[in-house]
>>> print(open('upload_7.txt').read())   # compact mmCIF, C-alpha atoms
# COMPACT_ATOMS: atom_id res chain seq x y z
CA MET P 2 -66.19 -28.80 43.26
CA SER P 3 -65.66 -29.63 46.93
CA GLU P 4 -62.74 -28.23 48.88
CA ALA P 5 -60.83 -31.48 48.46
CA VAL P 6 -59.69 -32.36 44.98
CA GLU P 7 -62.07 -34.91 43.48
CA LEU P 8 -60.59 -38.35 44.06
CA ASP P 9 -61.79 -40.06 40.91
CA ASP P 10 -59.74 -38.15 38.34
CA SER P 11 -56.59 -37.75 40.42
CA ARG P 12 -56.74 -41.39 41.53
CA ARG P 13 -57.18 -42.65 37.98
CA LYS P 14 -54.27 -40.51 36.85
CA TYR P 15 -52.11 -41.86 39.70
CA GLU P 16 -52.93 -45.47 38.83
CA PHE P 17 -52.39 -44.85 35.12
CA LYS P 18 -48.95 -43.29 35.71
CA LYS P 19 -47.94 -46.21 37.94
CA MET P 20 -49.04 -48.67 35.28
CA LEU P 21 -46.96 -46.88 32.62
CA GLU P 22 -43.92 -46.83 34.91
CA ARG P 23 -44.27 -50.56 35.49
CA LEU P 24 -44.53 -51.31 31.76
CA GLU P 25 -41.68 -48.96 30.95
CA ALA P 26 -39.37 -50.83 33.32
CA LYS P 27 -39.87 -54.15 31.50
CA GLU P 28 -37.28 -55.27 28.95
CA GLY P 29 -36.89 -58.22 26.64
CA SER P 30 -33.95 -59.83 24.87
CA GLY P 31 -34.05 -58.71 21.27
CA THR P 32 -37.37 -57.90 19.62
CA GLU P 33 -39.51 -60.16 21.77
CA LEU P 34 -41.98 -57.74 23.40
CA ILE P 35 -45.22 -57.17 21.51
CA SER P 36 -47.23 -53.94 21.76
CA LEU P 37 -50.70 -54.14 20.25
CA TYR P 38 -53.07 -51.16 20.07
CA ILE P 39 -56.62 -51.87 18.91
CA PRO P 40 -58.89 -48.82 18.35
CA PRO P 41 -62.60 -49.10 19.16
CA ASP P 42 -63.61 -49.23 15.48
CA LYS P 43 -61.27 -52.13 14.60
CA GLN P 44 -62.78 -55.58 14.03
CA ILE P 45 -61.36 -58.21 16.38
CA TYR P 46 -61.35 -60.88 13.66
CA ASP P 47 -59.13 -58.61 11.51
CA VAL P 48 -56.67 -58.36 14.40
CA THR P 49 -56.62 -62.11 15.05
CA ALA P 50 -56.11 -62.77 11.34
CA GLN P 51 -53.04 -60.54 11.32
CA LEU P 52 -51.70 -62.17 14.49
CA ARG P 53 -52.01 -65.63 12.94
CA ASP P 54 -50.17 -64.35 9.89
CA GLU P 55 -47.47 -62.90 12.14
CA PHE P 56 -47.23 -66.26 13.91
CA GLY P 57 -46.45 -67.91 10.58
CA GLN P 58 -43.92 -65.22 9.67
CA CYS P 59 -42.03 -66.01 12.89
CA SER P 60 -40.60 -69.10 11.21
CA ASN P 61 -38.20 -66.73 9.44
CA ILE P 62 -36.63 -65.61 12.72
CA LYS P 63 -33.15 -67.14 12.95
CA SER P 64 -32.83 -67.19 16.72
CA LYS P 65 -34.70 -70.16 18.14
CA GLN P 66 -35.20 -68.44 21.50
CA THR P 67 -36.57 -65.25 19.93
CA ARG P 68 -38.80 -67.27 17.57
CA THR P 69 -40.20 -69.31 20.45
CA ASN P 70 -40.77 -66.27 22.67
CA VAL P 71 -42.54 -64.24 19.97
CA GLN P 72 -44.79 -67.16 19.02
CA SER P 73 -45.60 -67.75 22.69
CA ALA P 74 -46.53 -64.07 23.08
CA ILE P 75 -48.76 -64.13 19.98
CA SER P 76 -50.48 -67.31 21.22
CA SER P 77 -51.05 -65.66 24.61
CA ILE P 78 -52.59 -62.58 22.98
CA LEU P 79 -54.84 -64.71 20.75
CA SER P 80 -56.10 -66.66 23.75
CA ARG P 81 -57.11 -63.40 25.44
CA LEU P 82 -58.71 -61.78 22.41
CA LYS P 83 -61.09 -64.70 21.94
CA TYR P 84 -63.08 -63.32 24.89
CA TYR P 85 -63.77 -60.08 22.98
CA SER P 86 -66.47 -59.91 20.30
CA LYS P 87 -65.50 -56.27 19.73
CA PRO P 88 -63.07 -53.80 21.30
CA PRO P 89 -64.15 -51.91 24.43
CA GLU P 90 -65.47 -48.35 24.14
CA ASN P 91 -61.99 -46.79 24.18
CA GLY P 92 -60.24 -49.66 22.45
CA ILE P 93 -57.65 -51.88 24.09
CA ALA P 94 -53.86 -52.06 24.42
CA VAL P 95 -52.07 -55.38 24.94
CA PHE P 96 -48.44 -55.72 26.05
CA CYS P 97 -47.07 -59.23 25.97
CA GLY P 98 -43.71 -60.95 25.83
CA ALA P 99 -40.84 -62.71 27.58
CA VAL P 100 -39.67 -60.19 30.16
CA ASN P 101 -36.13 -60.36 31.57
CA LYS P 102 -35.97 -61.23 35.24
CA HIS P 103 -33.10 -61.57 37.71
CA GLY P 104 -30.20 -63.54 36.33
CA ASP P 105 -30.90 -65.14 32.96
CA ARG P 106 -34.53 -65.97 33.74
CA GLN P 107 -37.40 -64.79 31.52
CA ASP P 108 -41.13 -64.87 32.28
CA LEU P 109 -43.96 -64.54 29.77
CA GLU P 110 -46.12 -61.63 30.92
CA CYS P 111 -49.24 -60.24 29.33
CA ASP P 112 -50.89 -56.95 30.39
CA ILE P 113 -54.19 -55.69 29.03
CA VAL P 114 -54.83 -51.96 29.38
CA ASN P 115 -58.17 -50.23 28.96
CA PRO P 116 -57.07 -46.70 28.01
CA PRO P 117 -58.81 -43.71 29.63
CA GLU P 118 -59.44 -42.18 26.18
CA PRO P 119 -60.30 -43.66 22.79
CA LEU P 120 -57.30 -44.97 20.86
CA ASN P 121 -56.97 -43.41 17.42
CA LEU P 122 -54.48 -45.82 15.88
CA TYR P 123 -53.96 -49.50 15.17
CA LEU P 124 -50.44 -50.65 15.98
CA TYR P 125 -48.58 -53.96 16.11
CA ARG P 126 -44.91 -53.74 17.05
CA CYS P 127 -42.16 -56.06 18.27
CA SER P 128 -39.25 -54.52 20.17
CA SER P 129 -37.06 -54.96 23.22
CA LYS P 130 -39.27 -52.39 25.02
CA PHE P 131 -43.00 -51.83 24.98
CA GLU P 132 -44.28 -48.97 22.81
CA LEU P 133 -45.98 -46.61 25.30
CA ASP P 134 -46.02 -43.21 23.57
CA PRO P 135 -49.72 -43.40 22.57
CA LEU P 136 -50.63 -43.92 26.24
CA ARG P 137 -48.20 -41.30 27.53
CA GLU P 138 -49.91 -38.73 25.34
CA MET P 139 -53.10 -39.38 27.27
CA LEU P 140 -51.42 -38.00 30.39
CA GLU P 141 -50.91 -34.65 28.72
CA GLU P 142 -53.24 -31.96 29.95
CA LYS P 143 -56.07 -31.34 27.53
CA TYR P 144 -56.22 -27.61 28.19
CA VAL P 145 -53.39 -25.15 28.74
CA TYR P 146 -53.16 -21.48 29.64
CA GLY P 147 -50.52 -19.06 28.44
CA LEU P 148 -48.63 -17.03 31.05
CA LEU P 149 -46.93 -13.69 30.31
CA VAL P 150 -45.35 -11.40 32.89
CA LEU P 151 -43.78 -8.12 31.83
CA ASP P 152 -42.69 -4.62 32.65
CA ARG P 153 -40.59 -2.16 30.67
CA ARG P 154 -37.35 -3.91 31.63
CA GLU P 155 -38.09 -7.59 31.02
CA ALA P 156 -40.67 -10.21 30.11
CA TYR P 157 -41.09 -13.91 30.77
CA TRP P 158 -43.31 -16.61 29.25
CA GLY P 159 -44.71 -19.90 30.46
CA PHE P 160 -47.62 -22.32 30.32
CA LEU P 161 -50.03 -23.58 32.96
CA ARG P 162 -50.74 -27.21 32.10
CA GLY P 163 -53.25 -28.61 34.57
CA ASN P 164 -51.37 -28.28 37.85
CA ARG P 165 -47.93 -27.74 36.34
CA ILE P 166 -46.27 -24.43 35.49
CA ASP P 167 -43.81 -24.79 32.60
CA PRO P 168 -41.38 -21.85 32.28
CA ILE P 169 -40.42 -21.12 28.65
CA GLY P 170 -37.95 -18.24 28.76
CA GLY P 171 -37.60 -14.51 28.93
CA THR P 172 -36.10 -11.41 27.40
CA THR P 173 -34.80 -8.04 28.56
CA SER P 174 -35.14 -4.57 27.06
CA THR P 175 -32.80 -1.72 26.21
CA VAL P 176 -35.31 0.91 27.33
CA PRO P 177 -33.36 3.71 29.02
CA GLY P 178 -34.16 4.74 32.55
CA LYS P 179 -36.02 7.91 33.36
CA GLN P 180 -32.79 9.85 34.01
CA ARG P 181 -31.49 11.31 30.74
CA LYS P 182 -27.87 11.74 29.86
CA GLY P 183 -26.29 15.19 29.94
CA GLY P 184 -26.78 17.32 26.83
CA GLN P 185 -30.12 15.78 25.84
CA SER P 186 -33.34 17.78 25.91
CA SER P 187 -36.03 16.27 28.08
CA VAL P 188 -38.51 16.24 25.19
CA ARG P 189 -36.16 14.41 22.82
CA PHE P 190 -35.10 11.98 25.53
CA GLU P 191 -38.71 11.12 26.39
CA ARG P 192 -39.54 10.64 22.71
CA LEU P 193 -36.64 8.21 22.26
CA ARG P 194 -37.66 6.41 25.41
CA LEU P 195 -41.24 5.95 24.20
CA ILE P 196 -39.96 4.61 20.87
CA ALA P 197 -37.79 2.08 22.73
CA ILE P 198 -40.75 1.02 24.91
CA ASN P 199 -42.94 0.55 21.83
CA GLU P 200 -40.25 -1.54 20.12
CA PHE P 201 -39.91 -3.70 23.22
CA TYR P 202 -43.67 -4.26 23.32
CA LYS P 203 -43.57 -5.28 19.64
CA LYS P 204 -40.78 -7.74 20.40
CA ILE P 205 -42.77 -9.22 23.31
CA GLY P 206 -45.90 -9.46 21.16
CA GLU P 207 -44.14 -11.25 18.30
CA ARG P 208 -42.38 -13.70 20.60
CA SER P 209 -45.57 -14.31 22.63
CA SER P 210 -47.61 -15.03 19.53
CA GLU P 211 -44.93 -17.43 18.28
CA ILE P 212 -44.75 -19.31 21.59
CA PHE P 213 -48.46 -19.62 22.24
CA MET P 214 -49.60 -20.35 18.69
CA ASN P 215 -46.98 -23.08 18.35
CA GLU P 216 -48.65 -24.95 21.22
CA LYS P 217 -49.95 -28.29 19.95
CA ASP P 218 -53.55 -28.03 18.72
CA PHE P 219 -53.65 -24.33 19.67
CA PHE P 220 -57.25 -23.72 18.62
CA ASN P 221 -58.63 -26.53 20.83
CA ARG P 222 -56.14 -26.77 23.72
CA PHE P 223 -55.23 -23.14 24.36
CA LYS P 224 -57.86 -21.87 26.80
CA GLY P 225 -56.57 -18.36 27.35
CA LEU P 226 -53.76 -15.96 28.24
CA LEU P 227 -53.01 -14.48 31.65
CA ILE P 228 -50.91 -11.30 31.67
CA GLY P 229 -49.23 -10.01 34.81
CA GLY P 230 -47.08 -7.04 35.69
CA PRO P 231 -47.16 -3.59 37.27
CA SER P 232 -49.46 -0.82 36.10
CA PRO P 233 -49.46 0.78 33.58
CA THR P 234 -47.16 -1.63 31.67
CA LYS P 235 -49.56 -4.53 31.23
CA GLU P 236 -52.42 -2.17 30.32
CA GLU P 237 -50.28 -0.41 27.70
CA PHE P 238 -49.29 -3.74 26.22
CA GLU P 239 -52.84 -5.08 26.10
CA GLU P 240 -54.30 -1.89 24.62
CA GLY P 241 -51.59 -1.71 21.97
CA SER P 242 -52.72 -4.97 20.34
CA PHE P 243 -49.14 -6.20 19.95
CA LEU P 244 -50.29 -9.82 19.95
CA HIS P 245 -51.56 -11.88 17.02
CA HIS P 246 -55.34 -11.41 16.88
CA GLU P 247 -55.98 -15.10 17.72
CA VAL P 248 -53.93 -14.74 20.91
CA GLN P 249 -55.23 -11.23 21.65
CA LYS P 250 -58.85 -12.38 21.77
CA ARG P 251 -57.93 -15.13 24.24
CA ILE P 252 -56.69 -12.72 26.94
CA ILE P 253 -58.50 -13.70 30.14
CA GLY P 254 -57.32 -10.85 32.33
CA LEU P 255 -54.58 -8.53 33.56
CA PHE P 256 -53.19 -9.04 37.06
CA ASP P 257 -50.95 -6.99 39.35
CA ILE P 258 -47.78 -8.84 40.33
CA ALA P 259 -44.37 -7.78 41.62
CA TYR P 260 -41.99 -10.06 39.72
CA THR P 261 -41.55 -10.15 35.95
CA ASN P 262 -38.97 -12.95 35.73
CA GLU P 263 -39.56 -16.69 36.17
CA SER P 264 -40.62 -16.10 39.77
CA GLY P 265 -43.54 -14.08 38.45
CA LEU P 266 -45.22 -17.10 36.83
CA PRO P 267 -46.48 -18.78 40.04
CA GLU P 268 -47.31 -15.33 41.41
CA LEU P 269 -49.45 -14.71 38.32
CA VAL P 270 -51.28 -18.03 38.77
CA ASP P 271 -52.01 -17.09 42.39
CA ALA P 272 -53.24 -13.63 41.37
CA ALA P 273 -55.52 -15.16 38.72
CA GLU P 274 -57.15 -17.50 41.24
CA ASP P 275 -60.71 -16.30 40.59
CA ALA P 276 -60.27 -16.53 36.81
CA LEU P 277 -58.90 -20.08 37.15
CA LYS P 278 -61.43 -21.22 39.74
CA GLY P 279 -62.12 -24.92 39.28
CA GLN P 280 -58.67 -25.68 37.86
CA VAL P 281 -56.87 -28.54 39.63
CA VAL P 282 -53.81 -26.46 40.47
CA ILE P 283 -55.92 -23.94 42.41
CA GLU P 284 -57.74 -26.66 44.34
CA GLU P 285 -54.46 -28.36 45.24
CA LYS P 286 -52.80 -25.08 46.24
CA HIS P 287 -55.76 -24.27 48.49
CA LEU P 288 -55.37 -27.58 50.29
CA MET P 289 -51.62 -27.24 50.72
CA ASP P 290 -51.94 -23.60 51.85
CA ARG P 291 -54.48 -24.69 54.45
CA PHE P 292 -52.17 -27.50 55.61
CA PHE P 293 -49.20 -25.13 56.04
CA LYS P 294 -51.33 -22.59 57.94
CA GLU P 295 -52.43 -25.31 60.36
CA LEU P 296 -48.84 -26.56 60.63
CA VAL P 297 -47.49 -23.28 62.03
CA LYS P 298 -50.25 -22.84 64.60
CA ASP P 299 -49.55 -23.84 68.20
CA ASN P 300 -52.62 -26.07 68.23
CA GLY P 301 -52.99 -26.51 64.50
CA LEU P 302 -54.91 -29.30 62.84
CA ALA P 303 -52.03 -30.59 60.73
CA ALA P 304 -50.40 -34.02 60.91
CA TYR P 305 -47.79 -35.72 58.79
CA GLY P 306 -45.75 -38.91 58.59
CA GLU P 307 -47.08 -42.41 58.10
CA LEU P 308 -47.31 -43.41 61.77
CA SER P 309 -49.13 -40.22 62.77
CA ILE P 310 -51.55 -40.43 59.86
CA ARG P 311 -52.34 -44.09 60.52
CA ALA P 312 -53.11 -43.33 64.16
CA ASN P 313 -55.38 -40.43 63.25
CA LEU P 314 -57.16 -42.46 60.54
CA GLU P 315 -57.86 -45.28 62.98
CA ILE P 316 -59.74 -42.94 65.35
CA GLY P 317 -61.53 -41.08 62.56
CA ALA P 318 -59.76 -37.77 63.17
CA VAL P 319 -58.69 -37.08 59.57
CA ASP P 320 -60.71 -34.55 57.63
CA ILE P 321 -58.59 -34.47 54.45
CA LEU P 322 -55.87 -37.01 53.66
CA LEU P 323 -53.10 -35.54 51.49
CA LEU P 324 -51.05 -38.02 49.45
CA SER P 325 -48.29 -37.20 47.00
CA GLU P 326 -48.69 -38.74 43.56
CA LYS P 327 -44.95 -39.57 43.71
CA ILE P 328 -45.38 -42.16 46.47
CA ARG P 329 -44.20 -45.58 45.31
CA LYS P 330 -44.49 -47.71 48.46
CA ASN P 331 -46.16 -50.95 49.47
CA ARG P 332 -47.40 -52.20 52.80
CA LEU P 333 -46.07 -55.70 53.41
CA PHE P 334 -47.74 -58.24 55.70
CA ILE P 335 -45.11 -60.71 56.90
CA LYS P 336 -45.16 -63.79 59.14
CA CYS P 337 -43.07 -66.70 60.32
CA ASP P 338 -44.65 -70.09 59.56
CA ALA P 339 -42.57 -71.74 62.28
CA CYS P 340 -43.49 -69.70 65.38
CA GLY P 341 -46.37 -67.50 64.26
CA PHE P 342 -44.51 -64.19 64.52
CA SER P 343 -46.03 -61.49 62.27
CA GLU P 344 -45.38 -57.87 61.41
CA GLU P 345 -46.30 -55.14 58.94
CA LYS P 346 -43.87 -52.75 57.33
CA THR P 347 -43.79 -50.19 54.55
CA VAL P 348 -41.12 -50.43 51.86
CA GLN P 349 -40.16 -48.52 48.73
CA VAL P 350 -41.13 -50.40 45.58
CA ASN P 351 -39.61 -48.91 42.44
CA PRO P 352 -41.17 -49.34 38.98
CA GLY P 353 -40.59 -52.86 37.71
CA GLU P 354 -39.96 -54.29 41.17
CA ASN P 355 -42.16 -57.02 42.58
CA PRO P 356 -42.84 -56.96 46.35
CA GLU P 357 -42.54 -60.75 46.30
CA ASP P 358 -38.87 -60.42 45.34
CA ILE P 359 -37.99 -58.27 48.37
CA GLU P 360 -35.61 -59.94 50.80
CA LEU P 361 -37.52 -60.32 54.10
CA GLY P 362 -34.80 -61.82 56.29
CA ASN P 363 -35.32 -64.16 59.21
CA CYS P 364 -37.70 -64.27 62.16
CA PRO P 365 -36.32 -62.33 65.17
CA ASN P 366 -37.73 -65.01 67.50
CA CYS P 367 -36.74 -68.33 65.92
CA THR P 368 -34.54 -67.27 62.95
CA SER P 369 -36.74 -69.14 60.45
CA PRO P 370 -37.22 -67.45 57.08
CA LEU P 371 -39.99 -64.84 57.01
CA VAL P 372 -42.65 -65.15 54.29
CA LEU P 373 -44.85 -62.55 52.60
CA THR P 374 -48.56 -63.19 53.15
CA ASP P 375 -49.97 -60.08 51.50
CA SER P 376 -48.97 -56.77 49.95
CA SER P 377 -50.89 -53.61 49.05
CA ASP P 378 -50.11 -50.24 47.55
CA ILE P 379 -49.88 -47.75 50.42
CA VAL P 380 -52.13 -45.29 48.61
CA ASP P 381 -54.79 -48.01 48.27
CA GLU P 382 -54.48 -48.93 51.92
CA LEU P 383 -54.58 -45.40 53.33
CA THR P 384 -57.44 -44.47 51.00
CA TYR P 385 -59.40 -47.48 52.26
CA LEU P 386 -58.81 -46.40 55.87
CA ALA P 387 -59.94 -42.86 54.98
CA ASP P 388 -63.13 -44.19 53.40
CA GLN P 389 -64.03 -45.96 56.64
CA SER P 390 -64.40 -42.60 58.41
CA ASN P 391 -65.66 -40.56 55.42
CA SER P 392 -62.41 -38.66 55.19
CA LYS P 393 -61.73 -36.85 51.93
CA VAL P 394 -58.66 -37.89 49.95
CA ALA P 395 -56.57 -35.64 47.71
CA ILE P 396 -53.70 -36.94 45.59
CA ILE P 397 -51.37 -33.97 45.17
CA SER P 398 -48.97 -33.56 42.26
CA ASP P 399 -45.43 -32.28 42.80
CA ASP P 400 -45.62 -29.93 39.80
CA PHE P 401 -45.86 -26.87 42.04
CA GLU P 402 -43.76 -25.79 45.00
CA GLU P 403 -46.14 -26.73 47.81
CA GLY P 404 -46.91 -30.09 46.22
CA SER P 405 -43.22 -30.83 45.89
CA GLN P 406 -42.73 -29.98 49.58
CA LEU P 407 -45.39 -32.52 50.55
CA PHE P 408 -43.21 -35.25 49.05
CA THR P 409 -39.72 -34.02 49.95
CA ALA P 410 -40.36 -32.61 53.43
CA PHE P 411 -43.25 -34.76 54.71
CA GLY P 412 -42.71 -38.09 52.97
CA GLY P 413 -45.75 -37.62 50.77
CA ILE P 414 -48.25 -38.37 53.56
CA ALA P 415 -50.04 -35.65 55.52
CA ALA P 416 -53.50 -34.67 56.72
CA ILE P 417 -55.73 -31.86 57.89
CA LEU P 418 -57.49 -33.07 61.03
CA ARG P 419 -61.03 -32.64 62.27
CA TYR P 420 -59.79 -32.14 65.82
CA ARG P 421 -56.50 -32.13 67.66
CA THR P 422 -55.42 -35.58 68.83
CA GLY P 423 -51.77 -35.33 69.90
CA TYR P 424 -50.69 -37.93 67.33
>>> encode(input="upload_7.txt", output="structure tokens")
Amino acid sequence: MSEAVELDDSRRKYEFKKMLERLEAKEGSGTELISLYIPPDKQIYDVTAQLRDEFGQCSNIKSKQTRTNVQSAISSILSRLKYYSKPPENGIAVFCGAVNKHGDRQDLECDIVNPPEPLNLYLYRCSSKFELDPLREMLEEKYVYGLLVLDRREAYWGFLRGNRIDPIGGTTSTVPGKQRKGGQSSVRFERLRLIAINEFYKKIGERSSEIFMNEKDFFNRFKGLLIGGPSPTKEEFEEGSFLHHEVQKRIIGLFDIAYTNESGLPELVDAAEDALKGQVVIEEKHLMDRFFKELVKDNGLAAYGELSIRANLEIGAVDILLLSEKIRKNRLFIKCDACGFSEEKTVQVNPGENPEDIELGNCPNCTSPLVLTDSSDIVDELTYLADQSNSKVAIISDDFEEGSQLFTAFGGIAAILRYRTGY
């Protein structure tokens, strides 16, 4: 894999998440929104037959408005399905219905989604919201790693899911310190201490096995276990076989780390960099680490902020464009039909909002109403500009500290430059 995170997968994931957010924001009055999932092995004529039957059943709906809206949605779906002789390779999902707009207005909208993975269910449902859980599940990481950090005082568990670290919880021990109380022989004290350590390891092993083996589809999804802590604790624990044998055989490695509480989880992931090489989180952390190193240099090759990045893209100075997957902005192209005034501006567009509904105000020159001539997702636009100069593009998640900083501290737009420009 190249130094920059491959665009295809991260870009598809970004677009898919945006699409789900947009569908999730839509609401209907009553049970007027239809969600239809068609798996790849389902015959289209069977689906259309059921839809026609559902159309007839709508006559039983008491509310005239609901009856009309549902029948209109079914008719709209049928008109689209007639172009399919069979479902696409991964199946198809259709979301159609009268969506509430501003005021009391409703618009019939129909979205067809080609899922990134094969659908494994057939579903027809009417509700006031679209049924999106089958698609949300496709965003879940297919492979996960178990994380365990421990010493003789405490232990903490977590999961590494793609580029996200999920803390689970921890426990503390009652192992006495190395200083014995007065009146105890050193031999007896050490024996009691070793018994307490062994019992704590057993407790960690039982809890670890329970946590990791309860992970959904453990035998296919669970790729391995990373164990971190000081020596000799982690070695004692691993050699003692305190884990269930299915978890024990998935141990990838033991890694020296300083912290054994929640703070130890990201430290463990960093320490296991070689073992995790190729994982998205490592690639993204490398890019953000490089950006921050350039940022603190006197003549570093880091830039951030939309204006600076645009200027550097226009002269071909960007080596790697860093975009947060949390960006939800559009670039608006505005003009005045009366005097010819025009401008471009970037605005926040929340899920469910339409750029065409944004209030644009009046022309600063002649006070005539401004009109929207075009609109584009800012990620699409900046990616296009990057492509013109063969700049790499990385869409960074905010599921780790450095990725979160890209969004919160730098507006989600930054770059590593090829050369210093002053912009």
>>> residues_near_point(input="upload_7.txt", point="(-47.5, -36.9, 67.6)", cutoff="8 Å", atoms="only C-alpha atoms", output="MDAnalysis selection string")
chainID P and resid 304 309 423:424
>>> closest_residue(input="upload_7.txt", among="P:Leu418, P:Leu227, P:Leu120, P:Cys127", to="Ser36 (chain P)", atoms="only C-alpha atoms")
P:Cys127
>>> residues_near_point(input="upload_7.txt", point="(-34.3, -9.8, 26.9)", cutoff="8 Å", atoms="only C-alpha atoms", output="list of chain:residue names")
P:Glu155, P:Ala156, P:Gly171, P:Thr172, P:Thr173, P:Ser174
>>> closest_residue(input="upload_7.txt", among="P:Asn313, P:Thr374, P:Gln72, P:Ser264", to="Ile166 (chain P)", atoms="only C-alpha atoms")
P:Ser264
>>> closest_residue(input="upload_7.txt", among="P:Gly230, P:Gly31, P:Gly404, P:Pro356", to="Leu333 (chain P)", atoms="all atoms listed in the file")
P:Pro356
>>> closest_residue(input="upload_7.txt", among="P:Thr368, P:Asn331, P:Asn221, P:Asn91", to="Glu354 (chain P)", atoms="all atoms listed in the file")
P:Asn331
